[in-house]
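Here the structure comes first, spelled out in structure tokens, and everything after it is commentary.
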Amino acid sequence: MWLANNWKDYEVIDCSKGEKLERWGDYILVRPDPQVIWDTPRKEKGWHKMNAHYHRSKKGGGEWEFFDLPQQWSIHYRNLTFQLKPFSFKHTGLFPEQAANWDWFSELIKKAGRPVKVLNLFAYTGGATIAAAAAGASVTHVDASKGMVTWAKENAASSGLADAPIRWIVDDCVKFVEREIRRGNHYDAIIMDPPSYGRGPKGEIWKIEESIHPLVKLCAQLLVNRPLFFLINSYTTGLQPAVLSYLIGTELKRFPGKVTADEIGLPVSSNGLTLPCGASGRFEGI
């Protein structure tokens, strides 16, 4: 498992009975996590003195219960700064486990010895975008949500990257890739973090099981002759690491490099366990 174990401003303190106890900077949150099916004693004081608690509804969705939490605050990872705020369906605007991937591709960018153009699809609030930009890449950031792109710009500015070579695009990712192919544009690296289900700006429906393979096939046409890397993240139960490795290996087989895939996870500080948080498939060029 690839671990995001270099955080100082974030930690999973404990997890039990379908929930995780987390520290986000100065604030303690309790949020649901479907992976936490074990029932262990809740001895950590944060379980009884939290700043906010997201309660999942049996009917689907849920709602926040706030005790003492600002509307927005920030945390740091290495030289990056992220703006956080609680919003619908338990999220804060950041997936800390992705730091395992940020560290991996940041080193590749720094050691590339050439200018690196990165395409980040389903780019959300820009964690991967600003990590790649901070490492020296020029980045094209694509997300269907105007609000998420605005939030990503805030994160870039907070990290001192307001003037970095980042293109901010509000668009359906598949349609954008198709247009880039027609334009003849190419990238040294591609990152994608596709949702299980979603809609584009004009109501385009995305179902990952049906749509991911055709998109990877299209993206392969955007790569330069010697790509630096290709990264797919999945939080969908059916897309295990082996599936991601087959998917990447099949469509990128003409490029020189190696394919690896694994779960990504976060260490649990109170008991030494590791909380699994999805899977990633990686291609690394040679």
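Please note that chains go A, B, ... in the order of the structure tokens, that every chain numbers its residues from 1, and that ligands are numbered from 1 in the order shown.
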
> Near A:Asn120, counting only C-alpha atoms, which residues have an atom at most 10 Å away, once you skip same-chain residues fewer than 3 positions from it, shown as a PyMOL selection string?
Replying inline: chain A and resi 117+123-124+126+128-129+132+139-143+173+189-193+231

> Running DSSP on the backbone, which parts of stretch 88-160 of chain A land in alpha helix (DSSP H), as a PyMOL selection string?
Replying inline: chain A and resi 99-110+127-134+146-158

Selected residues written out, N, CA and C atoms, as a short mmCIF file (atom, residue, chain, number, x, y, z; two decimals), in the first residue's frame:
data_model
loop_
_atom_site.label_atom_id
_atom_site.label_comp_id
_atom_site.auth_asym_id
_atom_site.auth_seq_id
_atom_site.Cartn_x
_atom_site.Cartn_y
_atom_site.Cartn_z
N ALA A 99 -1.61 12.71 -1.08
CA ALA A 99 -0.23 13.18 -0.90
C ALA A 99 0.78 12.10 -1.30
N ALA A 100 0.39 10.83 -1.18
CA ALA A 100 1.28 9.74 -1.61
C ALA A 100 1.58 9.86 -3.10
N ASN A 101 0.58 10.25 -3.88
CA ASN A 101 0.79 10.44 -5.31
C ASN A 101 1.48 11.76 -5.62
N TRP A 102 1.15 12.82 -4.87
CA TRP A 102 1.82 14.10 -5.10
C TRP A 102 3.34 13.95 -4.95
N ASP A 103 3.75 13.25 -3.90
CA ASP A 103 5.19 13.06 -3.66
C ASP A 103 5.83 12.29 -4.81
N TRP A 104 5.12 11.25 -5.30
CA TRP A 104 5.65 10.42 -6.37
C TRP A 104 5.87 11.22 -7.65
N PHE A 105 4.82 11.90 -8.11
CA PHE A 105 4.98 12.57 -9.40
C PHE A 105 5.79 13.86 -9.28
N SER A 106 5.82 14.48 -8.10
CA SER A 106 6.64 15.69 -7.93
C SER A 106 8.12 15.38 -8.15
N GLU A 107 8.56 14.24 -7.65
CA GLU A 107 9.96 13.83 -7.86
C GLU A 107 10.24 13.57 -9.34
N LEU A 108 9.29 12.95 -10.03
CA LEU A 108 9.47 12.69 -11.46
C LEU A 108 9.58 14.00 -12.24
N ILE A 109 8.75 14.98 -11.89
CA ILE A 109 8.78 16.28 -12.57
C ILE A 109 10.12 16.98 -12.32
N LYS A 110 10.56 16.98 -11.06
CA LYS A 110 11.81 17.67 -10.72
C LYS A 110 13.02 17.05 -11.41
N GLY A 127 -5.52 19.85 -5.65
CA GLY A 127 -4.39 19.32 -4.90
C GLY A 127 -3.26 18.87 -5.80
N ALA A 128 -3.58 18.04 -6.79
CA ALA A 128 -2.56 17.54 -7.72
C ALA A 128 -2.05 18.65 -8.62
N THR A 129 -2.92 19.58 -8.99
CA THR A 129 -2.51 20.69 -9.85
C THR A 129 -1.43 21.52 -9.20
N ILE A 130 -1.65 21.92 -7.96
CA ILE A 130 -0.66 22.81 -7.32
C ILE A 130 0.59 22.03 -6.91
N ALA A 131 0.46 20.74 -6.61
CA ALA A 131 1.65 19.93 -6.33
C ALA A 131 2.53 19.85 -7.58
N ALA A 132 1.91 19.61 -8.74
CA ALA A 132 2.66 19.53 -10.00
C ALA A 132 3.27 20.89 -10.37
N ALA A 133 2.49 21.96 -10.18
CA ALA A 133 3.00 23.29 -10.49
C ALA A 133 4.16 23.67 -9.57
N ALA A 134 4.04 23.32 -8.30
CA ALA A 134 5.11 23.63 -7.35
C ALA A 134 6.39 22.88 -7.68
N LYS A 146 -17.59 24.96 -11.99
CA LYS A 146 -16.98 26.29 -11.90
C LYS A 146 -16.57 26.60 -10.46
N GLY A 147 -17.40 26.17 -9.50
CA GLY A 147 -17.08 26.42 -8.10
C GLY A 147 -15.81 25.72 -7.66
N MET A 148 -15.60 24.49 -8.14
CA MET A 148 -14.38 23.75 -7.78
C MET A 148 -13.14 24.40 -8.39
N VAL A 149 -13.27 24.90 -9.62
CA VAL A 149 -12.14 25.56 -10.26
C VAL A 149 -11.79 26.85 -9.52
N THR A 150 -12.80 27.58 -9.08
CA THR A 150 -12.56 28.79 -8.29
C THR A 150 -11.83 28.45 -7.00
N TRP A 151 -12.26 27.39 -6.34
CA TRP A 151 -11.62 26.93 -5.10
C TRP A 151 -10.17 26.54 -5.38
N ALA A 152 -9.92 25.84 -6.48
CA ALA A 152 -8.56 25.45 -6.85
C ALA A 152 -7.66 26.67 -7.05
N LYS A 153 -8.21 27.71 -7.66
CA LYS A 153 -7.45 28.95 -7.84
C LYS A 153 -7.07 29.55 -6.48
N GLU A 154 -7.98 29.47 -5.51
CA GLU A 154 -7.68 29.96 -4.16
C GLU A 154 -6.52 29.17 -3.56
N ASN A 155 -6.53 27.85 -3.76
CA ASN A 155 -5.45 27.03 -3.23
C ASN A 155 -4.11 27.37 -3.88
N ALA A 156 -4.15 27.62 -5.20
CA ALA A 156 -2.92 28.01 -5.90
C ALA A 156 -2.39 29.33 -5.35
N ALA A 157 -3.28 30.30 -5.16
CA ALA A 157 -2.85 31.60 -4.64
C ALA A 157 -2.30 31.46 -3.22
N SER A 158 -2.96 30.65 -2.39
CA SER A 158 -2.49 30.43 -1.01
C SER A 158 -1.11 29.80 -0.97
#

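The nearest approach to A:Thr236 among the residues A:Thr92, A:Thr250, A:Ser280, A:Asn185, with only C-alpha atoms taken into account, belongs to A:Ser280.
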
>> Please identify the strand (DSSP E) residues within stretch 243-282 of chain A (assignment by DSSP from backbone atoms) and present them as a count of residues only.
In response: 20

>> What's around A:Gly198 at 10 Å? Count only C-alpha atoms, leave out sequence neighbours fewer than 3 positions away in its own chain, and write the answer as a list in words.
In response: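 So the residues in contact are Ala144, Pro194, Pro195, Gly203, Glu204, Ile205, Trp206, Lys207 and Ile208 of chain A.
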
Would you mind exporting the chosen residues as a PDB file, in the first residue's frame, restricted to N, CA, C and O atoms?
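part29.pdb was written with the following content:
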ATOM      1  N   ALA A 144     -15.544  20.041 -14.353  1.00  0.00           N
ATOM      2  CA  ALA A 144     -16.850  20.482 -14.852  1.00  0.00           C
ATOM      3  C   ALA A 144     -17.515  21.512 -13.953  1.00  0.00           C
ATOM      4  O   ALA A 144     -18.466  22.180 -14.370  1.00  0.00           O
ATOM      5  N   PRO A 194     -11.351  10.331 -11.637  1.00  0.00           N
ATOM      6  CA  PRO A 194     -12.750  10.337 -12.071  1.00  0.00           C
ATOM      7  C   PRO A 194     -13.724   9.930 -10.965  1.00  0.00           C
ATOM      8  O   PRO A 194     -13.425   9.049 -10.149  1.00  0.00           O
ATOM      9  N   PRO A 195     -14.892  10.561 -10.917  1.00  0.00           N
ATOM     10  CA  PRO A 195     -15.909  10.164  -9.941  1.00  0.00           C
ATOM     11  C   PRO A 195     -16.587   8.867 -10.377  1.00  0.00           C
ATOM     12  O   PRO A 195     -16.515   8.472 -11.541  1.00  0.00           O
ATOM     13  N   GLY A 203     -24.968  18.671 -18.418  1.00  0.00           N
ATOM     14  CA  GLY A 203     -25.757  17.500 -18.055  1.00  0.00           C
ATOM     15  C   GLY A 203     -25.223  16.181 -18.582  1.00  0.00           C
ATOM     16  O   GLY A 203     -25.897  15.148 -18.486  1.00  0.00           O
ATOM     17  N   GLU A 204     -24.007  16.189 -19.156  1.00  0.00           N
ATOM     18  CA  GLU A 204     -23.422  14.951 -19.672  1.00  0.00           C
ATOM     19  C   GLU A 204     -23.263  13.941 -18.531  1.00  0.00           C
ATOM     20  O   GLU A 204     -22.736  14.271 -17.465  1.00  0.00           O
ATOM     21  N   ILE A 205     -23.713  12.714 -18.752  1.00  0.00           N
ATOM     22  CA  ILE A 205     -23.657  11.697 -17.695  1.00  0.00           C
ATOM     23  C   ILE A 205     -22.347  10.926 -17.768  1.00  0.00           C
ATOM     24  O   ILE A 205     -21.903  10.525 -18.847  1.00  0.00           O
ATOM     25  N   TRP A 206     -21.735  10.747 -16.609  1.00  0.00           N
ATOM     26  CA  TRP A 206     -20.489   9.975 -16.494  1.00  0.00           C
ATOM     27  C   TRP A 206     -20.728   8.807 -15.535  1.00  0.00           C
ATOM     28  O   TRP A 206     -21.137   9.009 -14.398  1.00  0.00           O
ATOM     29  N   LYS A 207     -20.535   7.585 -16.010  1.00  0.00           N
ATOM     30  CA  LYS A 207     -20.533   6.393 -15.154  1.00  0.00           C
ATOM     31  C   LYS A 207     -19.175   5.737 -15.340  1.00  0.00           C
ATOM     32  O   LYS A 207     -18.828   5.329 -16.447  1.00  0.00           O
ATOM     33  N   ILE A 208     -18.415   5.621 -14.258  1.00  0.00           N
ATOM     34  CA  ILE A 208     -17.016   5.255 -14.390  1.00  0.00           C
ATOM     35  C   ILE A 208     -16.804   3.894 -15.052  1.00  0.00           C
ATOM     36  O   ILE A 208     -15.915   3.720 -15.883  1.00  0.00           O
TER      37      ILE A 208
END

>> Report, in Å to a single decimal, how far apart atom CA of A:Arg31 and atom CA of A:Asp68 are.
In response: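 These atoms are spaced 15.4 Å apart.
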
>> as a ChimeraX atom specification, please: the residues near stretch 43-47 of chain A (cut-off 9 Å, only C-alpha atoms, same-chain neighbours under 5 positions excluded).
In response: /A:13-14,21-23,28-30,270
